[in-house]
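For reference, coords_13.txt is printed below; it contains compact mmCIF, C-alpha atoms.
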```txt
# COMPACT_ATOMS: atom_id res chain seq x y z
CA MET I 1 -7.38 19.30 -11.24
CA HIS I 2 -9.41 22.44 -10.55
CA LEU I 3 -7.73 22.92 -7.18
CA LEU I 4 -4.25 22.75 -8.67
CA GLY I 5 -5.07 24.70 -11.83
CA LEU I 6 -4.42 21.71 -14.09
CA VAL I 7 -7.50 22.20 -16.27
CA PRO I 8 -6.20 23.52 -19.61
CA GLY I 9 -7.05 27.19 -20.08
CA GLU I 10 -8.38 27.63 -16.55
CA GLU I 11 -6.85 29.04 -13.38
CA ALA I 12 -6.85 27.21 -10.06
CA ASP I 13 -10.31 27.28 -8.50
CA ALA I 14 -10.76 25.86 -4.99
CA ASP I 15 -14.47 26.76 -4.98
CA LEU I 16 -15.08 24.54 -8.00
CA ALA I 17 -12.92 21.76 -6.54
CA VAL I 18 -14.92 21.86 -3.30
CA LYS I 19 -18.19 21.66 -5.26
CA HIS I 20 -16.96 18.57 -7.12
CA TYR I 21 -15.80 16.89 -3.90
CA GLN I 22 -19.16 17.65 -2.27
CA LYS I 23 -20.93 16.02 -5.23
CA ALA I 24 -18.98 12.83 -4.52
CA GLY I 25 -21.31 12.18 -1.61
CA ASP I 26 -20.32 9.81 1.15
CA ASP I 27 -16.80 9.17 -0.17
CA ALA I 28 -13.78 8.89 2.13
CA ARG I 29 -11.33 10.27 -0.44
CA ALA I 30 -13.55 13.30 -1.05
CA TYR I 31 -13.90 13.94 2.69
CA ASN I 32 -10.12 13.71 3.07
CA ALA I 33 -9.56 16.13 0.18
CA LEU I 34 -12.07 18.59 1.64
CA GLY I 35 -10.35 18.34 5.01
CA VAL I 36 -7.00 19.15 3.44
CA ILE I 37 -8.43 22.05 1.40
CA TYR I 38 -10.01 23.66 4.46
CA TYR I 39 -6.76 23.22 6.37
CA VAL I 40 -4.36 24.63 3.76
CA ALA I 41 -6.63 27.44 2.58
CA PRO I 42 -5.57 30.98 3.44
CA ASP I 43 -6.51 32.46 6.78
CA PRO I 44 -9.80 34.45 6.72
CA PHE I 45 -7.87 37.67 7.37
CA GLU I 46 -5.24 37.06 4.67
CA THR I 47 -4.78 39.97 2.26
CA ASP I 48 -1.74 38.83 0.26
CA ARG I 49 -3.07 38.19 -3.25
CA THR I 50 -0.45 35.53 -3.97
CA LYS I 51 -1.65 33.47 -0.99
CA LEU I 52 -5.29 33.99 -1.98
CA ALA I 53 -4.74 32.93 -5.60
CA GLY I 54 -7.01 30.08 -6.59
CA PHE I 55 -8.89 29.91 -3.32
CA LYS I 56 -11.57 32.50 -4.18
CA SER I 57 -14.11 32.25 -1.32
CA ILE I 58 -12.54 29.24 0.43
CA ARG I 59 -10.79 30.15 3.69
CA ARG I 60 -9.04 28.15 6.37
CA ASP I 61 -11.49 26.47 8.69
CA VAL I 62 -9.81 24.05 11.09
CA LYS I 63 -13.11 22.97 12.61
CA LYS I 64 -14.49 22.02 9.19
CA SER I 65 -11.17 20.41 8.26
CA ASN I 66 -11.25 18.30 11.42
CA GLN I 67 -14.86 17.32 10.73
CA MET I 68 -14.14 16.24 7.13
CA LEU I 69 -11.01 14.32 8.10
CA LYS I 70 -12.90 12.50 10.86
CA LEU I 71 -15.59 11.47 8.36
CA ALA I 72 -12.91 10.06 6.08
CA ALA I 73 -11.10 8.36 8.98
CA GLU I 74 -14.35 6.71 10.09
CA LYS I 75 -14.31 5.04 6.68
CA ASN I 76 -10.74 3.84 7.41
CA ASN I 77 -9.06 6.18 4.94
CA VAL I 78 -5.38 5.80 5.77
CA GLN I 79 -4.42 9.26 4.53
CA ALA I 80 -7.18 10.85 6.62
CA HIS I 81 -5.78 9.22 9.76
CA TYR I 82 -2.35 10.58 8.88
CA ASN I 83 -3.75 14.04 8.13
CA LEU I 84 -5.68 14.06 11.42
CA GLY I 85 -2.43 13.21 13.20
CA ALA I 86 -0.75 16.17 11.52
CA LEU I 87 -3.70 18.42 12.39
CA HIS I 88 -3.38 17.44 16.06
CA LEU I 89 0.29 18.50 16.01
CA ASP I 90 -0.54 22.06 14.93
CA GLU I 91 0.05 24.13 18.06
CA THR I 92 -1.65 27.18 16.52
CA ASN I 93 -5.02 25.46 16.96
CA PRO I 94 -5.62 24.87 20.68
CA GLU I 95 -8.99 23.20 20.00
CA THR I 96 -7.38 20.33 18.08
CA PHE I 97 -3.80 20.33 19.42
CA SER I 98 -2.98 17.10 21.23
CA PHE I 99 0.16 14.97 21.12
CA SER I 100 -1.75 11.92 22.35
CA LYS I 101 -4.48 12.27 19.70
CA ALA I 102 -1.80 12.76 17.05
CA TYR I 103 -0.09 9.59 18.27
CA ASP I 104 -3.36 7.64 18.11
CA GLU I 105 -4.08 8.76 14.54
CA PHE I 106 -0.52 8.05 13.39
CA LYS I 107 -0.71 4.64 15.05
CA THR I 108 -3.90 3.82 13.14
CA ALA I 109 -2.40 5.08 9.86
CA ALA I 110 0.79 3.09 10.50
CA SER I 111 -1.23 -0.06 11.16
CA LEU I 112 -2.84 0.51 7.74
CA GLY I 113 0.60 0.71 6.09
CA HIS I 114 1.33 4.45 6.03
CA THR I 115 5.13 4.83 6.03
CA MET I 116 5.39 8.40 7.30
CA ALA I 117 2.92 7.64 10.08
CA ALA I 118 5.16 4.77 11.23
CA TYR I 119 8.14 7.14 11.10
CA ASN I 120 6.22 9.68 13.22
CA ILE I 121 5.37 6.94 15.74
CA GLY I 122 9.07 6.13 15.99
CA VAL I 123 9.98 9.77 16.55
CA MET I 124 7.19 10.22 19.10
CA HIS I 125 8.45 7.23 21.09
CA PHE I 126 12.01 8.55 20.85
CA THR I 127 10.96 11.95 22.23
CA GLY I 128 8.13 10.79 24.49
CA LEU I 129 5.59 13.10 22.85
CA GLY I 130 2.05 11.76 23.10
CA THR I 131 3.23 8.38 24.36
CA PHE I 132 5.84 6.79 26.58
CA LYS I 133 9.49 7.39 25.83
CA SER I 134 11.21 4.25 24.59
CA CYS I 135 14.31 3.91 22.47
CA ASN I 136 13.48 0.23 21.90
CA VAL I 137 9.99 0.93 20.51
CA SER I 138 11.33 3.88 18.52
CA ASN I 139 14.09 1.70 17.12
CA ALA I 140 11.61 -1.02 16.12
CA PHE I 141 9.38 1.43 14.23
CA LEU I 142 12.27 3.19 12.52
CA LYS I 143 13.87 -0.11 11.48
CA HIS I 144 10.54 -1.19 10.03
CA VAL I 145 10.25 2.09 8.12
CA ILE I 146 13.70 1.88 6.59
CA THR I 147 13.21 -1.69 5.43
CA MET I 148 9.59 -1.52 4.26
CA GLY I 149 8.86 2.09 3.42
CA GLN I 150 8.71 3.61 -0.02
CA ASP I 151 11.09 6.34 1.10
CA SER I 152 13.54 3.88 2.62
CA LEU I 153 16.78 5.63 1.57
CA ASP I 154 15.74 8.90 3.22
CA MET I 155 14.50 6.98 6.22
CA GLN I 156 17.81 5.10 6.52
CA LYS I 157 19.58 8.47 6.77
CA ALA I 158 17.07 9.66 9.39
CA PHE I 159 17.49 6.42 11.36
CA LYS I 160 21.26 6.83 11.41
CA LEU I 161 20.85 10.40 12.70
CA VAL I 162 18.51 9.25 15.49
CA GLU I 163 20.77 6.30 16.31
```

In structure tokens, write the structure found in this file.
Amino acid sequence: MHLLGLVPGEEADADLAVKHYQKAGDDARAYNALGVIYYVAPDPFETDRTKLAGFKSIRRDVKKSNQMLKLAAEKNNVQAHYNLGALHLDETNPETFSFSKAYDEFKTAASLGHTMAAYNIGVMHFTGLGTFKSCNVSNAFLKHVITMGQDSLDMQKAFKLVE
């Protein structure tokens, strides 16, 4: 609530949100949230006040984000696996960029029931990014997503476009 500015009468405050998440101790959801905060925070050299709003002293730190997400993923947090997959797809960070690592994290998240991770696996097999190219495997994942996923109508449209 502090991160999003949802505390009545208070502005967004990422510093306070981080302190609360750190107090949570060895908690996978807190580690995941910290990983996301450090990833979406403004760049250390950012000067645009609108982009800095609410973040106070918190700045983007991909290394710390990766570390927090890994801690959460070690505890089998499905969202952390998905977020790590997304982090590995960010080409602006050569230290973490890897199609194959992204594939592995999405595969783990998909096996834990994450719909968008399964969709990403389908797309990665369709394009051959991070794994072998296979229309059959892609088709199987995308069919699964459109029948089982929470966003099945949007996924049905995406499947038809890929098909």

When you look at Ala41 (chain I) with a cut-off of 6 Å (counting all atoms listed in the file), what residues show up, excluding the ones that are within fewer than 3 positions of it in the same chain? I need them as a tab-separated table (two decimals) with C-alpha atoms, in the frame of the given file.
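File produced: result.tsv:
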```tsv
chain	number	residue	atom	x	y	z
I	37	ILE	CA	-8.43	22.05	1.40
I	38	TYR	CA	-10.01	23.66	4.46
I	59	ARG	CA	-10.79	30.15	3.69
I	60	ARG	CA	-9.04	28.15	6.37
```

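Among the candidates I:Ala118, I:Ala72, I:Val7, I:Ala24, the one nearest to Phe141 (chain I) when counting all atoms listed in the file is I:Ala118.
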
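Neighbouring residues of Asp27 (chain I) at 12 Å or closer, counting all atoms listed in the file and skipping chain neighbours under 2 positions away, are His20, Tyr21, Gln22, Lys23, Ala24, Gly25, Arg29, Ala30, Tyr31, Asn32, Ala33, Leu34, Met68, Leu69, Leu71, Ala72, Ala73, Glu74, Lys75, Asn76, Asn77 and Ala80 of chain I.
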
Check your understanding: Do you have the CA of Met1 (chain I)-CA of Lys56 (chain I) distance handy?
Key ->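 About the pair CA of Met1 (chain I) and CA of Lys56 (chain I): they are 15.5 Å apart.
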
Exercise for review: Find, counting only C-alpha atoms, the residue in I:Gly128, I:Gly85, I:Pro94, I:Gly122 that gets nearest to Phe106 (chain I).
Suggested key: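 Checking each candidate against Phe106 (chain I), we get I:Gly85 as the closest.
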
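Using all atoms listed in the file, the nearest neighbour of Val137 (chain I) within the list I:Ile121, I:Leu87, I:Ala12, I:Leu112 is I:Ile121.
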
**Study point:** Gap from CA of Ile58 (chain I) to CA of Asp15 (chain I) - Å, one decimal
**Key:**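 Between these atoms lies a distance of 6.3 Å.
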
Practice item. For each of I:Ala28, I:Ala110, I:Val162, I:Ala117, take the minimum atom-to-atom distance to Cys135 (chain I), counting all atoms listed in the file, then give the residue where this is smallest. Key: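 The answer is I:Val162, which sits nearest to Cys135 (chain I).
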
Practice item. Tell me, in Å to one decimal, how far CA of Phe55 (chain I) is from CA of Asp13 (chain I). Key: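 Rounded to one decimal, the two atoms are 6.0 Å apart.
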
Review point. Nearest to Lys64 (chain I): which of I:Thr108, I:Thr47, I:Thr96, I:Thr131 is it, counting all atoms listed in the file?
Key: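 Looking only at the distances to Lys64 (chain I), the closest residue turns out to be I:Thr96.
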
Point to revise | Pick from I:Ser57, I:Ser100, I:Asn66, I:Thr115, whichever lies nearest to Phe132 (chain I) using all atoms listed in the file | key: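 Between I:Ser57, I:Ser100, I:Asn66, I:Thr115, the residue approaching Phe132 (chain I) most closely is I:Ser100.
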
Review point. Which protein, DNA or RNA residues have an atom at most 12 Å from (-4.4, 19.0, 20.9), counting all atoms listed in the file? List them as a list in words.
Key: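 The requested residues, written out, are Asn66, Leu84, Gly85, Ala86, Leu87, His88, Leu89, Asp90, Glu91, Thr92, Asn93, Pro94, Glu95, Thr96, Phe97, Ser98, Phe99, Ser100, Lys101, Ala102, Tyr103, Asp104, Leu129 and Gly130 of chain I.
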
Using the file's own x, y and z axes, what box holds all listed atoms of region 49-65 of chain I with 5 Å on each side, keeping edges along x, y and z, and what are its centre and edge lengths in Å to one decimal, as JSON?
```
{"center_x": -7.5, "center_y": 29.3, "center_z": 3.0, "size_x": 24.0, "size_y": 27.8, "size_z": 29.2}
```
